[in-house]
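**Student:** Before we start, here is the structure in question, set down as structure tokens.
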There are 2 protein chains.
Amino acid sequence: MTVATESPLLARLKAVLAENADLYHAQQILEWDARVSMPHAGAAARADVASTVTQLAHGRFVSDEVGKLLDDLDAAGHDPDSVEGALIRITRREWERAARIPSELAGEMVQVSGVAVAAWDEAKAASDFESFSPHLERQLELKRRYVACFPETEEPYDVLLDEYEEGLTTAQVEEIFGRLEGELVKLVDRHREDSVEEIAGPYPVERQQEAGRLVLEAFGYDPESWRLDETPHPFAAKPGVGDIRLTTHTDERDLTSLFSTMHEFGHGVYEFDIDPSLARTPLGRGTSSAIHESQSRTWENLVGRSRGFWRWFYPQLQGLFPDALGGVDEGSFVSSVSAVRAGLIRGDADEVTYGLHIILRFELERELLAGTVAVRELPEVWNARMKESLGVEVPDDARGVLQDMHWAGGLFGYFPTYQLGNVISVQVWDRARAELGDLEEQFARGEFSPLRQWLSEQVYRHGSRYRPSELLRHVTGSDIDPEPYLRYLHAKFA
Amino acid sequence: MTVATESPLLARLKAVLAENADLYHAQQILEWDARVSMPHAGAAARADVASTVTQLAHGRFVSDEVGKLLDDLDAAGHDPDSVEGALIRITRREWERAARIPSELAGEMVQVSGVAVAAWDEAKAASDFESFSPHLERQLELKRRYVACFPETEEPYDVLLDEYEEGLTTAQVEEIFGRLEGELVKLVDRHREDSVEEIAGPYPVERQQEAGRLVLEAFGYDPESWRLDETPHPFAAKPGVGDIRLTTHTDERDLTSLFSTMHEFGHGVYEFDIDPSLARTPLGRGTSSAIHESQSRTWENLVGRSRGFWRWFYPQLQGLFPDALGGVDEGSFVSSVSAVRAGLIRGDADEVTYGLHIILRFELERELLAGTVAVRELPEVWNARMKESLGVEVPDDARGVLQDMHWAGGLFGYFPTYQLGNVISVQVWDRARAELGDLEEQFARGEFSPLRQWLSEQVYRHGSRYRPSELLRHVTGSDIDPEPYLRYLHAKFA
């Protein structure tokens with residue numbers, strides 16, 4: 001029999017954190033709704049609502065009470081390796097970051113993002129950068145104010161990175177991206193003259209949605225707890241335990257929706273499989289953006305672009321699209337979905353060119369923040385760099401600088417975690433293969449649960465109990481390391 | 001040129017009220033989402049989130065600061081007939097009611113409702129009253145605790161009525177319902193042997209949805225600001241300016257979805273047409289439940305069951321349902337959708353039997369609260385009274401005591417406002433016809449905007465600026481009065 005020994009201090013902290021988690025979940029619903037359900041004219045009022053909830057949550061969290069509770073808990077002593085130790089550590093980290101920021105600024109950032117995302121939506125539809133540029137200026141101004149709350153951090157961009165990835169520095173990203181860039185460029189060059197064609201559709205939207213459902217069900221999606229919707233920009237959200245929401249974007253001209261769906265499944269399953277005992281605490285979320293992205297990229301690429309997966313799924317896909325795929329054999333199809341093709345859109349990019357899209361954004365974000373690239377010059381700079389790095393001509397801003405919603409949403413510092421996620425995904429994958437044997441053979445039989453269970457056990461169930469770097473060491477015995485990823489790319493594409 | 005003379009006190013009050021309105025809108029989204037979008041397994045976590053937001057909003061609103069602001073504003077003096085005067089008056093009313101309630105109780109009511117509505121959903125699907133009864137017990141216990149916060153109110157049910165309808169008493173409702181009941185029973189008896197048959201479907205769901213959209217567009221629905229979804233129990237919500245959400249329930253066996261859609265449009269248009277200058281204040285909502293229901297019943301019945309409306313719409317409906325309606329002439333159709341037929345379901349009831357459904361609930365609510373009817377006896381009592389009042393046998397609890405979600409949601413005291421809405425709808429309608437001339441002729445041409453504009457001007461745009469009784473006197477020159485409604489029923493059904 002276990003006797004409950006939770007201290008009144010810890011119980012009080014947990015009560016505060018539960019309230020905070022509830023407000024975070026309310027924010028998730030407000031945002032999910034704004035992107036999936038809200039009528040267009042509701043955007044301004046919604047921005048007010050989201051801002052108020054954020055400001056209130058922030059104000060309550062940064063109260064002196066929480067600081068005092070943390071001090072008292074530290075003074076009382078606790079095992080740093082226990083769940084309670086992790087809870088206190090992560091709460092202190094979040095509290096110390098949040099306490100730097102005035103609640104008004106926290107609210108304003110959400111308010112401006114709500115309005116800017118709605119403006120971006122229209123600007124992208126009209127390929128009209130100019131109408132979006134005042135919103136981007138405003139976001140940059142707010143980011144600079146935010147960064148200024150951390151005056152002891154020498155490199156401004158470090159402040160932004162640390163929010164998504166504890167302890168990550170710009171220097172580290174530069175080093176890793178530096179190692180990758182040359183190799184990626186070489187691989188892209190090697191494939192520049194490839195003639196692997198895209199397999200022409202059309203792929204009717206309802207059939208693609210059916211294909212997505214078949215794959216999700218095999219992966220472990222359960223409609224009792226999950227839902228899947230359409231949005232222009234796919235994303236995943238968890239507004240509470242038992243409530244996982246994925247979105248995808250389906251276009252009848254190609255099959256990218258299927259890969260988006262698998263990508264978002266990776267985010268969803270990470271959140272879904274977190275130990276429920278961590279719910280309503282800051283431990284009840286994935287530990288970092290790069291670890292999160294490693295899992296979305298695992299399910300999208302390492303599973304979803306593998307030969308084993310297609311051995312299982314291709315006959316079903318052919319059945320859904322007899323006109324487009326009836327005469328295409330499995331090998332040609334798999335080559336086509338993995339082919340290296342320098343293109344305009346990050347979200348549609350293959351595994352090799354993807355990294356170059358990220359490196360462009362990583363550079364531009366720092367230049368925009370520093371003011372060395374002005375907002376008005378941005379389209380021109382974007383187009384020139386796309387030409388230089390990928391060799392493509394950008395025909396309009398909708399397919400150029402306006403393609404991603406991240407800047408509209410104020411998510412500066414997020415992009416690098418996508419590419420770090422790619423790097424990490426292969427580190428974890430190598431370990432999974434070493435322990436689980438021939439995964440491709442399992443996939444070929446439609447068996448994905450051994451992989452999911454292993455990932456749950458190793459990664460998902462822990463939520464934020466371990467720092468991202470600690471978790472990576474636990475699972476792989478290594479720090480973040482681009483070499484396994486490069487080996488993977490070379491084996492697949494060289 | 002107008003010089004801004006808003007006092008700092010008033011500006012501060014408005015800031016507090018804007019925050020409060022934002023949190024109210026957040027609650028609307030949480031509830032709309034729970035009923036429209038949320039995966040089933042998310043209900044428990046959602047109840048926590050909704051409870052936290054409510055508790056927080058309540059705690060901030062009942063703070064001493066608001067009381068002090070109201071006192072200072074009253075001391076400073078203001079014109080009670082001005083918008084500011086109305087704002088201060090209604091804020092004081094809400095503040096004095098809210099301040100009686102502990103924030104924990106406010107939060108608990110929302111928490112229990114979230115869980116109880118999910119349980120009701122399952123219980124109704126399985127027609128299993130027993131699984132729902134502990135939730136109903138819990139709701140009643142909370143309602144008794146709530147009522148006990150107003151110890152000076154002699155009649156407990158008055159406390160509940162006043163929440164939906166300022167100043168309304170149980171004695172008034174008894175008097176009005178007493179006047180109606182005998183007449184309604186006589187009318188039902190007169191039609192008991194009628195042989196107006198329901199026109200058999202099926203009416204394919206997609207076609208009904210198309211019919212609903214055609215009607216909504218003619219009424220003035222604009223997809224830029226409105227949306228329409230399916231839920232088991234139709235409702236309307238406004239989570240912010242420019243964001244009006246209706247739901248309906250479509251069953252291919254009949255056309256009730258169309259009437260639900262028109263009903264919810266009435267709620268939606270009232271909220272949509274409120275003067276935007278009242279947004280983010282307590283004046284920016286409809287003034288009471290009965291006035292709200294008067295408008296939903298106006299668009300559902302006085303418009304939607306009128307001969308003029310069908311002169312315009314019936315040919316379109318026939319076009320959508322050629323199999324079911326091709327051989328049915330307009331006159332027979334209109335007789336059928338207005339026919340008096342004693343039935344099981346309140347939501348599907350005709351204009352005559354509807355009131356008897358409400359009277360049953362009004363009586364049962366008071367008996368349940370008083371404990372003179374126990375929860376375990378409820379199905380038996382329900383079934384006996386349905387037999388007595390409407391002469392129908394209730395075959396199962398799904399079509400009996402479990403049909404409405406109100407008690408699961410804790411909405412005791414709401415039902416009477418539906419029938420008062422019917423009464424008020426005709427009072428306002430008589431005035432509209434006196435001013436606008438032959439409305440049926442306009443409807444027959446598909447013209448609904450003169451009516452809408454008049455209602456906007458007279459009722460909608462004012463929001464809660466006037467008390468319900470004041471508004472009714474402004475518009476009709478009269479207090480609430482069942483005689484016009486009875487004259488209408490006798491003219492139509494006797």
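Going by the structure tokens order, chains are called A, B, ..., each with residues numbered from 1, while ligands are numbered from 1 in the order shown.
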Got a sec to pull out which chain A residues are within 7 Å of chain B, counting only C-alpha atoms, and send them as a list in words?
**Tutor:**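 Therefore, the residues near the partner are Glu19, Asp22, Leu23, His25, Ala26, Met38, Pro39, His40, Ala41, Gly42, Ala45, Arg46, Asp48, Val49, Thr52, Val53, Pro223, Glu224, Ser225, Trp226, Arg227, Gly240, Val241, Gly242 and Asp243 of chain A.
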**Student:** Go through segment 158-335 of chain A and collect every residue that DSSP, computed from the backbone, puts in strand (DSSP E or B); the answer should be as an mmCIF file with all heavy atoms, in the first residue's frame.
**Tutor:**
```
data_model
loop_
_atom_site.group_PDB
_atom_site.id
_atom_site.type_symbol
_atom_site.label_atom_id
_atom_site.label_comp_id
_atom_site.auth_asym_id
_atom_site.auth_seq_id
_atom_site.Cartn_x
_atom_site.Cartn_y
_atom_site.Cartn_z
ATOM 1 N N TRP A 226 -9.641 11.253 -31.354
ATOM 2 C CA TRP A 226 -8.923 12.026 -32.365
ATOM 3 C C TRP A 226 -9.899 12.610 -33.370
ATOM 4 O O TRP A 226 -10.971 12.066 -33.580
ATOM 5 C CB TRP A 226 -7.946 11.127 -33.153
ATOM 6 C CG TRP A 226 -6.865 10.446 -32.404
ATOM 7 C CD1 TRP A 226 -7.014 9.534 -31.397
ATOM 8 C CD2 TRP A 226 -5.451 10.576 -32.626
ATOM 9 N NE1 TRP A 226 -5.769 9.097 -30.988
ATOM 10 C CE2 TRP A 226 -4.801 9.718 -31.717
ATOM 11 C CE3 TRP A 226 -4.689 11.335 -33.514
ATOM 12 C CZ2 TRP A 226 -3.407 9.601 -31.668
ATOM 13 C CZ3 TRP A 226 -3.293 11.210 -33.461
ATOM 14 C CH2 TRP A 226 -2.664 10.361 -32.544
ATOM 15 N N ARG A 227 -9.505 13.692 -34.028
ATOM 16 C CA ARG A 227 -10.236 14.129 -35.200
ATOM 17 C C ARG A 227 -9.256 14.669 -36.246
ATOM 18 O O ARG A 227 -8.124 15.014 -35.928
ATOM 19 C CB ARG A 227 -11.357 15.107 -34.879
ATOM 20 C CG ARG A 227 -10.966 16.369 -34.182
ATOM 21 C CD ARG A 227 -12.202 17.256 -33.996
ATOM 22 N NE ARG A 227 -12.634 17.777 -35.306
ATOM 23 C CZ ARG A 227 -13.903 18.009 -35.632
ATOM 24 N NH1 ARG A 227 -14.875 17.787 -34.769
ATOM 25 N NH2 ARG A 227 -14.201 18.493 -36.825
ATOM 26 N N LEU A 228 -9.736 14.718 -37.474
ATOM 27 C CA LEU A 228 -8.914 15.160 -38.603
ATOM 28 C C LEU A 228 -9.738 16.133 -39.427
ATOM 29 O O LEU A 228 -10.861 15.835 -39.797
ATOM 30 C CB LEU A 228 -8.528 13.943 -39.458
ATOM 31 C CG LEU A 228 -7.772 14.233 -40.761
ATOM 32 C CD1 LEU A 228 -6.408 14.842 -40.480
ATOM 33 C CD2 LEU A 228 -7.618 12.958 -41.584
ATOM 34 N N ASP A 229 -9.214 17.322 -39.662
ATOM 35 C CA ASP A 229 -9.907 18.349 -40.446
ATOM 36 C C ASP A 229 -8.996 18.880 -41.537
ATOM 37 O O ASP A 229 -7.813 18.582 -41.568
ATOM 38 C CB ASP A 229 -10.328 19.508 -39.521
ATOM 39 C CG ASP A 229 -11.344 19.070 -38.494
ATOM 40 O OD1 ASP A 229 -12.536 19.145 -38.784
ATOM 41 O OD2 ASP A 229 -10.935 18.607 -37.406
ATOM 42 N N GLU A 230 -9.606 19.694 -42.368
ATOM 43 C CA GLU A 230 -8.867 20.356 -43.450
ATOM 44 C C GLU A 230 -8.562 21.802 -43.058
ATOM 45 O O GLU A 230 -9.463 22.524 -42.599
ATOM 46 C CB GLU A 230 -9.739 20.396 -44.714
ATOM 47 C CG GLU A 230 -9.866 19.075 -45.439
ATOM 48 C CD GLU A 230 -8.637 18.735 -46.285
ATOM 49 O OE1 GLU A 230 -7.929 19.665 -46.727
ATOM 50 O OE2 GLU A 230 -8.389 17.532 -46.488
ATOM 51 N N ALA A 236 -1.274 20.283 -35.645
ATOM 52 C CA ALA A 236 -1.837 19.363 -34.660
ATOM 53 C C ALA A 236 -2.023 20.115 -33.361
ATOM 54 O O ALA A 236 -1.285 21.044 -33.051
ATOM 55 C CB ALA A 236 -0.898 18.167 -34.449
ATOM 56 N N ALA A 237 -3.043 19.727 -32.593
ATOM 57 C CA ALA A 237 -3.287 20.373 -31.299
ATOM 58 C C ALA A 237 -3.797 19.333 -30.311
ATOM 59 O O ALA A 237 -4.411 18.337 -30.711
ATOM 60 C CB ALA A 237 -4.312 21.493 -31.442
ATOM 61 N N LYS A 238 -3.494 19.551 -29.045
ATOM 62 C CA LYS A 238 -4.107 18.734 -27.983
ATOM 63 C C LYS A 238 -4.747 19.675 -26.974
ATOM 64 O O LYS A 238 -4.085 20.180 -26.091
ATOM 65 C CB LYS A 238 -3.082 17.856 -27.273
ATOM 66 C CG LYS A 238 -3.761 17.048 -26.134
ATOM 67 C CD LYS A 238 -2.856 16.035 -25.469
ATOM 68 C CE LYS A 238 -1.917 16.696 -24.491
ATOM 69 N NZ LYS A 238 -1.166 15.694 -23.692
ATOM 70 N N PRO A 239 -6.055 19.902 -27.101
ATOM 71 C CA PRO A 239 -6.701 20.817 -26.145
ATOM 72 C C PRO A 239 -7.069 20.139 -24.836
ATOM 73 O O PRO A 239 -7.768 20.735 -24.029
ATOM 74 C CB PRO A 239 -7.962 21.273 -26.880
ATOM 75 C CG PRO A 239 -8.009 20.514 -28.168
ATOM 76 C CD PRO A 239 -6.962 19.454 -28.139
ATOM 77 N N GLY A 240 -6.587 18.931 -24.602
ATOM 78 C CA GLY A 240 -6.862 18.256 -23.341
ATOM 79 C C GLY A 240 -6.633 16.766 -23.506
ATOM 80 O O GLY A 240 -6.553 16.268 -24.627
ATOM 81 N N ASP A 243 -8.119 14.212 -26.380
ATOM 82 C CA ASP A 243 -8.609 15.125 -27.419
ATOM 83 C C ASP A 243 -7.428 15.564 -28.295
ATOM 84 O O ASP A 243 -6.728 16.521 -27.990
ATOM 85 C CB ASP A 243 -9.268 16.325 -26.727
ATOM 86 C CG ASP A 243 -10.028 17.236 -27.686
ATOM 87 O OD1 ASP A 243 -9.924 17.041 -28.910
ATOM 88 O OD2 ASP A 243 -10.715 18.143 -27.187
ATOM 89 N N ILE A 244 -7.229 14.823 -29.368
ATOM 90 C CA ILE A 244 -6.094 15.061 -30.256
ATOM 91 C C ILE A 244 -6.640 15.474 -31.607
ATOM 92 O O ILE A 244 -7.484 14.792 -32.176
ATOM 93 C CB ILE A 244 -5.254 13.767 -30.428
ATOM 94 C CG1 ILE A 244 -4.723 13.290 -29.091
ATOM 95 C CG2 ILE A 244 -4.134 13.973 -31.447
ATOM 96 C CD1 ILE A 244 -3.635 14.126 -28.494
ATOM 97 N N ARG A 245 -6.155 16.595 -32.122
ATOM 98 C CA ARG A 245 -6.706 17.132 -33.359
ATOM 99 C C ARG A 245 -5.620 17.341 -34.407
ATOM 100 O O ARG A 245 -4.646 18.053 -34.161
ATOM 101 C CB ARG A 245 -7.407 18.450 -33.062
ATOM 102 C CG ARG A 245 -8.510 18.220 -32.042
ATOM 103 C CD ARG A 245 -9.218 19.471 -31.673
ATOM 104 N NE ARG A 245 -10.225 19.155 -30.684
ATOM 105 C CZ ARG A 245 -11.324 19.852 -30.474
ATOM 106 N NH1 ARG A 245 -11.544 20.930 -31.195
ATOM 107 N NH2 ARG A 245 -12.194 19.497 -29.562
ATOM 108 N N LEU A 246 -5.815 16.716 -35.527
ATOM 109 C CA LEU A 246 -4.890 16.864 -36.650
ATOM 110 C C LEU A 246 -5.617 17.618 -37.761
ATOM 111 O O LEU A 246 -6.823 17.493 -37.908
ATOM 112 C CB LEU A 246 -4.480 15.497 -37.190
ATOM 113 C CG LEU A 246 -4.131 14.413 -36.177
ATOM 114 C CD1 LEU A 246 -3.749 13.127 -36.909
ATOM 115 C CD2 LEU A 246 -3.012 14.872 -35.266
ATOM 116 N N THR A 247 -4.847 18.358 -38.541
ATOM 117 C CA THR A 247 -5.426 18.882 -39.773
ATOM 118 C C THR A 247 -4.488 18.546 -40.919
ATOM 119 O O THR A 247 -3.297 18.271 -40.729
ATOM 120 C CB THR A 247 -5.671 20.406 -39.747
ATOM 121 O OG1 THR A 247 -4.429 21.090 -39.913
ATOM 122 C CG2 THR A 247 -6.337 20.858 -38.452
ATOM 123 N N THR A 248 -5.058 18.555 -42.100
ATOM 124 C CA THR A 248 -4.264 18.324 -43.297
ATOM 125 C C THR A 248 -4.785 19.256 -44.385
ATOM 126 O O THR A 248 -5.785 19.932 -44.179
ATOM 127 C CB THR A 248 -4.340 16.837 -43.726
ATOM 128 O OG1 THR A 248 -3.367 16.586 -44.744
ATOM 129 C CG2 THR A 248 -5.718 16.477 -44.262
#
```
**Student:** List the neighbours of Ala339 of chain A out to 12 Å using only C-alpha atoms; skip same-chain residues closer than 6 positions along the sequence, and give me the result as number ranges by chain.
**Tutor:** A: 187-188, 190-199, 305, 331-333, 348-353, 489, 492-494
**Student:** With C-alpha atoms retained, export the selected residues as a PDB file, in the first residue's frame.
**Tutor:**
```pdb
ATOM      1  CA  LEU A 187      22.949  15.889 -53.094  1.00  0.00           C
ATOM      2  CA  VAL A 188      20.606  18.351 -54.760  1.00  0.00           C
ATOM      3  CA  ARG A 190      23.564  15.208 -58.042  1.00  0.00           C
ATOM      4  CA  HIS A 191      19.821  14.921 -58.653  1.00  0.00           C
ATOM      5  CA  ARG A 192      19.328  18.095 -60.633  1.00  0.00           C
ATOM      6  CA  GLU A 193      19.064  16.270 -63.944  1.00  0.00           C
ATOM      7  CA  ASP A 194      16.905  13.408 -62.586  1.00  0.00           C
ATOM      8  CA  SER A 195      13.915  12.606 -64.661  1.00  0.00           C
ATOM      9  CA  VAL A 196      11.716  10.970 -62.025  1.00  0.00           C
ATOM     10  CA  GLU A 197       8.406  12.501 -62.927  1.00  0.00           C
ATOM     11  CA  GLU A 198       5.636  13.367 -60.564  1.00  0.00           C
ATOM     12  CA  ILE A 199       2.761  11.016 -61.221  1.00  0.00           C
ATOM     13  CA  ARG A 305       8.332   7.141 -47.430  1.00  0.00           C
ATOM     14  CA  GLY A 331       8.774   0.756 -57.487  1.00  0.00           C
ATOM     15  CA  SER A 332       8.119   3.720 -59.744  1.00  0.00           C
ATOM     16  CA  PHE A 333       5.643   5.123 -57.265  1.00  0.00           C
ATOM     17  CA  ASP A 348       5.988  19.775 -50.136  1.00  0.00           C
ATOM     18  CA  ALA A 349       9.751  19.391 -50.176  1.00  0.00           C
ATOM     19  CA  ASP A 350      11.542  16.065 -50.349  1.00  0.00           C
ATOM     20  CA  GLU A 351      13.902  14.896 -47.632  1.00  0.00           C
ATOM     21  CA  VAL A 352      16.975  16.445 -49.229  1.00  0.00           C
ATOM     22  CA  THR A 353      15.823  19.892 -50.314  1.00  0.00           C
ATOM     23  CA  LEU A 489      20.481  10.633 -46.815  1.00  0.00           C
ATOM     24  CA  LYS A 492      18.956   6.722 -49.777  1.00  0.00           C
ATOM     25  CA  PHE A 493      19.879   9.417 -52.258  1.00  0.00           C
ATOM     26  CA  ALA A 494      23.544   9.117 -53.252  1.00  0.00           C
TER      27      ALA A 494
END
```
**Student:** Just the residues within 9 Å of Gln209 of chain A, please, counting only C-alpha atoms, with nothing from its chain fewer than 4 positions along; format it as a PyMOL selection string.
**Tutor:** chain A and resi 204-205+213-214+250+257-258
**Student:** So that I can see what lies close to segment 320-330 of chain B, please list as a list in words the residues with an atom at most 8 Å from it, counting only C-alpha atoms and leaving out residues fewer than 4 positions away in the same chain.
**Tutor:**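 Here the qualifying residues turn out to be Ile199, Ala200, Gly201, Pro202, Tyr203, Arg207, Ala211, Trp310, Arg311, Tyr314, Gln316 and Val334 of chain B.
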**Student:** Could you take the residues named above and write them with N, CA and C atoms, as an mmCIF file, in the first residue's frame?
**Tutor:**
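To be explicit, this is the file written out as part-v4.cif:
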```
data_model
loop_
_atom_site.group_PDB
_atom_site.id
_atom_site.type_symbol
_atom_site.label_atom_id
_atom_site.label_comp_id
_atom_site.auth_asym_id
_atom_site.auth_seq_id
_atom_site.Cartn_x
_atom_site.Cartn_y
_atom_site.Cartn_z
ATOM 1 N N ILE B 199 -46.462 14.159 -44.022
ATOM 2 C CA ILE B 199 -46.116 13.743 -45.384
ATOM 3 C C ILE B 199 -44.833 12.936 -45.337
ATOM 4 N N ALA B 200 -44.973 11.671 -45.716
ATOM 5 C CA ALA B 200 -43.851 10.745 -45.541
ATOM 6 C C ALA B 200 -42.666 11.126 -46.416
ATOM 7 N N GLY B 201 -41.482 10.963 -45.864
ATOM 8 C CA GLY B 201 -40.255 11.203 -46.607
ATOM 9 C C GLY B 201 -39.934 9.999 -47.454
ATOM 10 N N PRO B 202 -38.702 9.576 -47.560
ATOM 11 C CA PRO B 202 -37.571 10.215 -46.882
ATOM 12 C C PRO B 202 -37.182 11.550 -47.524
ATOM 13 N N TYR B 203 -36.569 12.384 -46.695
ATOM 14 C CA TYR B 203 -36.039 13.665 -47.141
ATOM 15 C C TYR B 203 -34.519 13.622 -46.975
ATOM 16 N N ARG B 207 -30.159 17.259 -49.033
ATOM 17 C CA ARG B 207 -31.167 18.126 -49.616
ATOM 18 C C ARG B 207 -31.800 19.027 -48.547
ATOM 19 N N ALA B 211 -31.895 23.026 -48.438
ATOM 20 C CA ALA B 211 -33.114 23.814 -48.182
ATOM 21 C C ALA B 211 -32.859 24.825 -47.062
ATOM 22 N N TRP B 310 -44.534 29.965 -47.394
ATOM 23 C CA TRP B 310 -44.583 28.755 -48.222
ATOM 24 C C TRP B 310 -44.985 29.058 -49.656
ATOM 25 N N ARG B 311 -45.743 30.121 -49.879
ATOM 26 C CA ARG B 311 -46.027 30.524 -51.247
ATOM 27 C C ARG B 311 -44.702 30.722 -51.997
ATOM 28 N N TYR B 314 -42.323 26.901 -51.159
ATOM 29 C CA TYR B 314 -42.742 25.535 -51.436
ATOM 30 C C TYR B 314 -42.291 25.017 -52.804
ATOM 31 N N GLN B 316 -39.604 25.640 -54.357
ATOM 32 C CA GLN B 316 -38.191 25.253 -54.240
ATOM 33 C C GLN B 316 -38.043 23.947 -53.469
ATOM 34 N N VAL B 334 -48.823 23.024 -46.295
ATOM 35 C CA VAL B 334 -48.869 24.028 -45.222
ATOM 36 C C VAL B 334 -49.750 23.523 -44.080
#
```
**Student:** Residues at most 9 Å from segment 141-154 of chain A, counting only C-alpha atoms, excluding those fewer than 3 positions away in the same chain, as a short mmCIF file (atom, residue, chain, number, x, y, z; two decimals) with N, CA, C and O atoms, in the first residue's frame?
**Tutor:**
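The result, stored in around_25.cif:
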```cif
data_model
loop_
_atom_site.label_atom_id
_atom_site.label_comp_id
_atom_site.auth_asym_id
_atom_site.auth_seq_id
_atom_site.Cartn_x
_atom_site.Cartn_y
_atom_site.Cartn_z
N ARG A 97 11.31 32.51 -17.12
CA ARG A 97 11.16 33.12 -18.45
C ARG A 97 9.94 34.05 -18.47
O ARG A 97 10.02 35.18 -18.94
N ARG A 100 9.94 37.55 -16.81
CA ARG A 100 10.64 38.64 -17.50
C ARG A 100 9.70 39.49 -18.34
O ARG A 100 10.04 40.61 -18.72
N ILE A 101 8.59 38.86 -18.75
CA ILE A 101 7.72 39.48 -19.76
C ILE A 101 6.55 40.15 -19.06
O ILE A 101 5.89 39.53 -18.24
N PRO A 102 6.25 41.41 -19.38
CA PRO A 102 5.03 42.00 -18.83
C PRO A 102 3.80 41.26 -19.40
O PRO A 102 3.80 40.86 -20.57
N LEU A 105 2.52 42.58 -22.65
CA LEU A 105 3.24 42.15 -23.86
C LEU A 105 2.81 40.73 -24.26
O LEU A 105 2.59 40.46 -25.45
N ALA A 106 2.68 39.87 -23.26
CA ALA A 106 2.23 38.50 -23.56
C ALA A 106 0.87 38.54 -24.26
O ALA A 106 0.64 37.84 -25.25
N GLU A 108 -0.46 41.13 -25.88
CA GLU A 108 -0.35 41.84 -27.15
C GLU A 108 0.20 40.91 -28.25
O GLU A 108 -0.24 40.97 -29.40
N MET A 109 1.15 40.08 -27.88
CA MET A 109 1.71 39.17 -28.88
C MET A 109 0.62 38.26 -29.44
O MET A 109 0.57 37.99 -30.65
N VAL A 112 -1.88 40.49 -31.61
CA VAL A 112 -1.31 40.83 -32.92
C VAL A 112 -1.25 39.59 -33.82
O VAL A 112 -1.52 39.66 -35.02
N LEU A 136 3.82 42.14 -40.44
CA LEU A 136 5.13 41.56 -40.19
C LEU A 136 6.02 42.55 -39.43
O LEU A 136 6.74 42.17 -38.50
N GLU A 137 5.94 43.81 -39.82
CA GLU A 137 6.68 44.86 -39.08
C GLU A 137 6.31 44.83 -37.60
O GLU A 137 7.16 44.90 -36.71
N ARG A 138 5.01 44.74 -37.37
CA ARG A 138 4.48 44.76 -36.00
C ARG A 138 5.00 43.54 -35.23
O ARG A 138 5.41 43.65 -34.07
N TYR A 157 18.86 35.91 -30.99
CA TYR A 157 18.13 34.75 -31.51
C TYR A 157 18.13 33.58 -30.54
O TYR A 157 17.25 32.73 -30.57
N ASP A 158 19.13 33.55 -29.65
CA ASP A 158 19.16 32.50 -28.62
C ASP A 158 17.91 32.53 -27.75
O ASP A 158 17.42 31.49 -27.30
N VAL A 159 17.41 33.76 -27.49
CA VAL A 159 16.22 33.90 -26.65
C VAL A 159 15.04 33.17 -27.30
O VAL A 159 14.26 32.49 -26.64
N LEU A 160 14.94 33.31 -28.62
CA LEU A 160 13.82 32.69 -29.32
C LEU A 160 13.99 31.19 -29.41
O LEU A 160 13.05 30.43 -29.19
N LEU A 369 15.31 40.27 -37.75
CA LEU A 369 15.37 40.74 -36.36
C LEU A 369 16.44 41.81 -36.19
O LEU A 369 16.23 42.81 -35.52
N ALA A 370 17.58 41.56 -36.81
CA ALA A 370 18.69 42.51 -36.69
C ALA A 370 18.44 43.76 -37.52
O ALA A 370 19.10 44.79 -37.33
N GLY A 410 3.98 34.90 -35.37
CA GLY A 410 5.02 35.31 -34.42
C GLY A 410 5.98 34.21 -34.03
O GLY A 410 6.72 34.34 -33.06
N PHE A 412 8.90 33.15 -34.68
CA PHE A 412 10.32 33.26 -35.03
C PHE A 412 11.13 32.35 -34.11
O PHE A 412 10.93 32.36 -32.90
#
```
**Student:** Residues near Thr476 of chain B, anyone? I mean within 7 Å using only C-alpha atoms, not counting same-chain ones fewer than 4 positions away, as a PyMOL selection string.
**Tutor:** chain B and resi 427-428+431+472
**Student:** Run DSSP on the backbone of this structure and report the residues of segment 306-401 of chain B it assigns to alpha helix (DSSP H), as a VMD selection string.
**Tutor:** chain B and resid 307 to 320 322 to 325 330 to 338 354 to 370 378 to 390
